[in-house]
Amino acid sequence: MTVTEAVRQRISTRAFLDDPIPQDALADLLQTAQRSPSGGNLQPWKVIAVTGAAKDEIIVMAQRVLAADPMGPVPGDRPVYPDLTVIDQVYNERRKRVGEMMYEKIGIPKEDRAGRMMWFANNYRFFGASVGLFMIIDRRMGHGQWAHMGMYMQTIALLAEERGWGTCMQECWARLRVELHAHFGLDENHMVYAGIAIGVPDPNNPVNDIYADRAPQHEVVEFRGF
Ligand SMILES: Cc1cc2nc3c(=O)[nH]c(=O)nc-3n(C[C@H](O)[C@H](O)[C@H](O)COP(=O)(O)O)c2cc1C
């Protein structure tokens with residue numbers, strides 16, 4: 001598989017088979033992903049990988065927290081999105097579009113808010129993936145280091161493609177940052193940024209047929225001096 005193929009075929013996988021991912025295979029992937037670039041080579045990321053009982057504990061915890069307060073806010077000062085009502089509307093439109101595309105594919109109409117919420121809750125079961133990765137960052141890191149964390153996450157996703165695995169980045173876990181912080185016993189300087197569900201994709205689930213579109217190049221790229 002070429003890098004171009006991996007980039008083009010990667011999608012957010014939202015349904016997985018039960019097939020396990022062995023620890024040594026995952027360790028090999030993460031070892032390679034460690035080659036991701038970062039300013040000053042800070043490598044400002046840490047990962048907690050969970051499977052089996054360790055993963056189940058988190059699923060149970062998430063269900064307990066979400067049952068008590070299903071619409072609770074993301075705690076702390078690092079929201080998942082900026083205020084999309086005050087910035088250029090193109091971002092909000094892109095967000096709405098991909099959401100509609102997903103719910104159309106799985107056949108849950110807008111009016112069925114409960115159905116959509118229930119489906120969204122699959123996030124908190126890692127969409128059935130064999131492994132959940134939690135991306136941990138020192139909260140004293142600046143916006144640059146958060147960007148470098150993103151490079152690391154994308155490297156993980158592309159290496160997963162090469163192995164026939166799928167991934168879904170999961171910022172939904174931001175909602176449980178306080179509980180996850182306690183659960184993992186993190187020190188006061190560290191926080192969970194996001195998760196990544198990783199496993200063998202279910203080829204028969206239509207949710208995995210979604211190929212989210214992208215902005216036309218002229219919206220994002222300027223060529224000068226060519
Ligand atoms: C940092 C990050 C967090 C994300 N969090 C979630 C999430 O919590 N749940 C989810 O279903 N998708 C999540 N996504 C997936 C995006 O919705 C997806 O990448 C985008 O719509 C483009 O689709 P594609 O990944 O299939 O190309 C996240 C993506 C990124 C990069």
# chains A, B, ... in the order shown; residues from 1 in each chain; ligands from 1

call {"tool": "closest_atom_pairs", "arguments": {"of": "chain A", "to": "ligand 1", "cutoff": "7 Å", "atoms": "only C-alpha atoms and all ligand atoms", "output": "tab-separated table"}}
result
residue	atom	partner	partner_atom_place_in_ligand_line	distance
A:Arg10	CA	ligand 1	27 (O)	6.6
A:Ile11	CA	ligand 1	26 (O)	3.6
A:Ser12	CA	ligand 1	26 (O)	3.8
A:Arg14	CA	ligand 1	11 (O)	6.7
A:Val98	CA	ligand 1	21 (O)	5.6
A:Asn123	CA	ligand 1	9 (N)	6.0
A:Cys168	CA	ligand 1	12 (N)	6.0
A:Met169	CA	ligand 1	4 (C)	4.4
A:Gln170	CA	ligand 1	8 (O)	3.3
A:Glu171	CA	ligand 1	5 (N)	3.8
A:Cys172	CA	ligand 1	8 (O)	3.6
A:Trp173	CA	ligand 1	8 (O)	6.6
A:Ala194	CA	ligand 1	3 (C)	6.7
A:Ile210	CA	ligand 1	26 (O)	6.6
A:Tyr211	CA	ligand 1	26 (O)	5.7
A:Ala212	CA	ligand 1	23 (O)	4.9

call {"tool": "residues_around", "arguments": {"residues": "Glu5 in chain A", "least_positions_apart": "4", "cutoff": "12 Å", "atoms": "only C-alpha atoms", "output": "PyMOL selection string"}}
result
chain A and resi 1+9-11+158-159+161-162

call {"tool": "closest_residue", "arguments": {"among": "A:Gly195, A:Pro20, A:Pro82, A:Gly144", "to": "Lys46 in chain A", "atoms": "only C-alpha atoms"}}
result
A:Gly195

call {"tool": "closest_residue", "arguments": {"among": "A:Gly39, A:Pro109, A:Gly199, A:Gly225", "to": "Leu133 in chain A", "atoms": "only C-alpha atoms"}}
result
A:Gly199

call {"tool": "select_by_dssp", "arguments": {"residues": "range 76-178 of chain A", "states": "helix (DSSP H, G or I)", "output": "ChimeraX atom specification"}}
result
/A:89-106,113-128,143-162,171-178

call {"tool": "decode", "arguments": {"residues": "range 169-185 of chain A", "atoms": "N, CA and C atoms", "output": "compact mmCIF listing (two decimals), in the first residue's frame"}}
result
# COMPACT_ATOMS: atom_id res chain seq x y z
N MET A 169 -11.06 8.53 15.24
CA MET A 169 -10.65 9.51 16.26
C MET A 169 -11.88 9.81 17.10
N GLN A 170 -11.70 10.01 18.37
CA GLN A 170 -12.87 10.17 19.24
C GLN A 170 -12.67 11.29 20.26
N GLU A 171 -13.02 12.47 19.83
CA GLU A 171 -12.97 13.58 20.79
C GLU A 171 -14.16 13.56 21.73
N CYS A 172 -15.10 12.67 21.45
CA CYS A 172 -16.25 12.52 22.35
C CYS A 172 -15.80 12.25 23.79
N TRP A 173 -14.62 11.64 23.93
CA TRP A 173 -14.16 11.29 25.28
C TRP A 173 -13.84 12.53 26.10
N ALA A 174 -13.75 13.68 25.44
CA ALA A 174 -13.53 14.93 26.17
C ALA A 174 -14.60 15.14 27.24
N ARG A 175 -15.78 14.66 26.93
CA ARG A 175 -16.92 14.78 27.85
C ARG A 175 -16.63 14.10 29.19
N LEU A 176 -15.77 13.07 29.16
CA LEU A 176 -15.47 12.30 30.37
C LEU A 176 -14.06 12.57 30.89
N ARG A 177 -13.53 13.75 30.57
CA ARG A 177 -12.13 14.01 30.94
C ARG A 177 -11.89 13.88 32.45
N VAL A 178 -12.82 14.37 33.23
CA VAL A 178 -12.62 14.35 34.68
C VAL A 178 -12.59 12.90 35.17
N GLU A 179 -13.56 12.11 34.71
CA GLU A 179 -13.65 10.71 35.16
C GLU A 179 -12.46 9.90 34.64
N LEU A 180 -12.06 10.15 33.40
CA LEU A 180 -10.92 9.39 32.84
C LEU A 180 -9.62 9.77 33.55
N HIS A 181 -9.50 11.04 33.89
CA HIS A 181 -8.31 11.50 34.62
C HIS A 181 -8.17 10.71 35.92
N ALA A 182 -9.27 10.60 36.64
CA ALA A 182 -9.25 9.87 37.91
C ALA A 182 -9.04 8.38 37.66
N HIS A 183 -9.74 7.85 36.68
CA HIS A 183 -9.66 6.42 36.38
C HIS A 183 -8.23 5.99 36.05
N PHE A 184 -7.54 6.80 35.25
CA PHE A 184 -6.19 6.44 34.84
C PHE A 184 -5.14 6.86 35.88
N GLY A 185 -5.56 7.61 36.89
CA GLY A 185 -4.61 8.06 37.91
C GLY A 185 -3.58 9.02 37.35
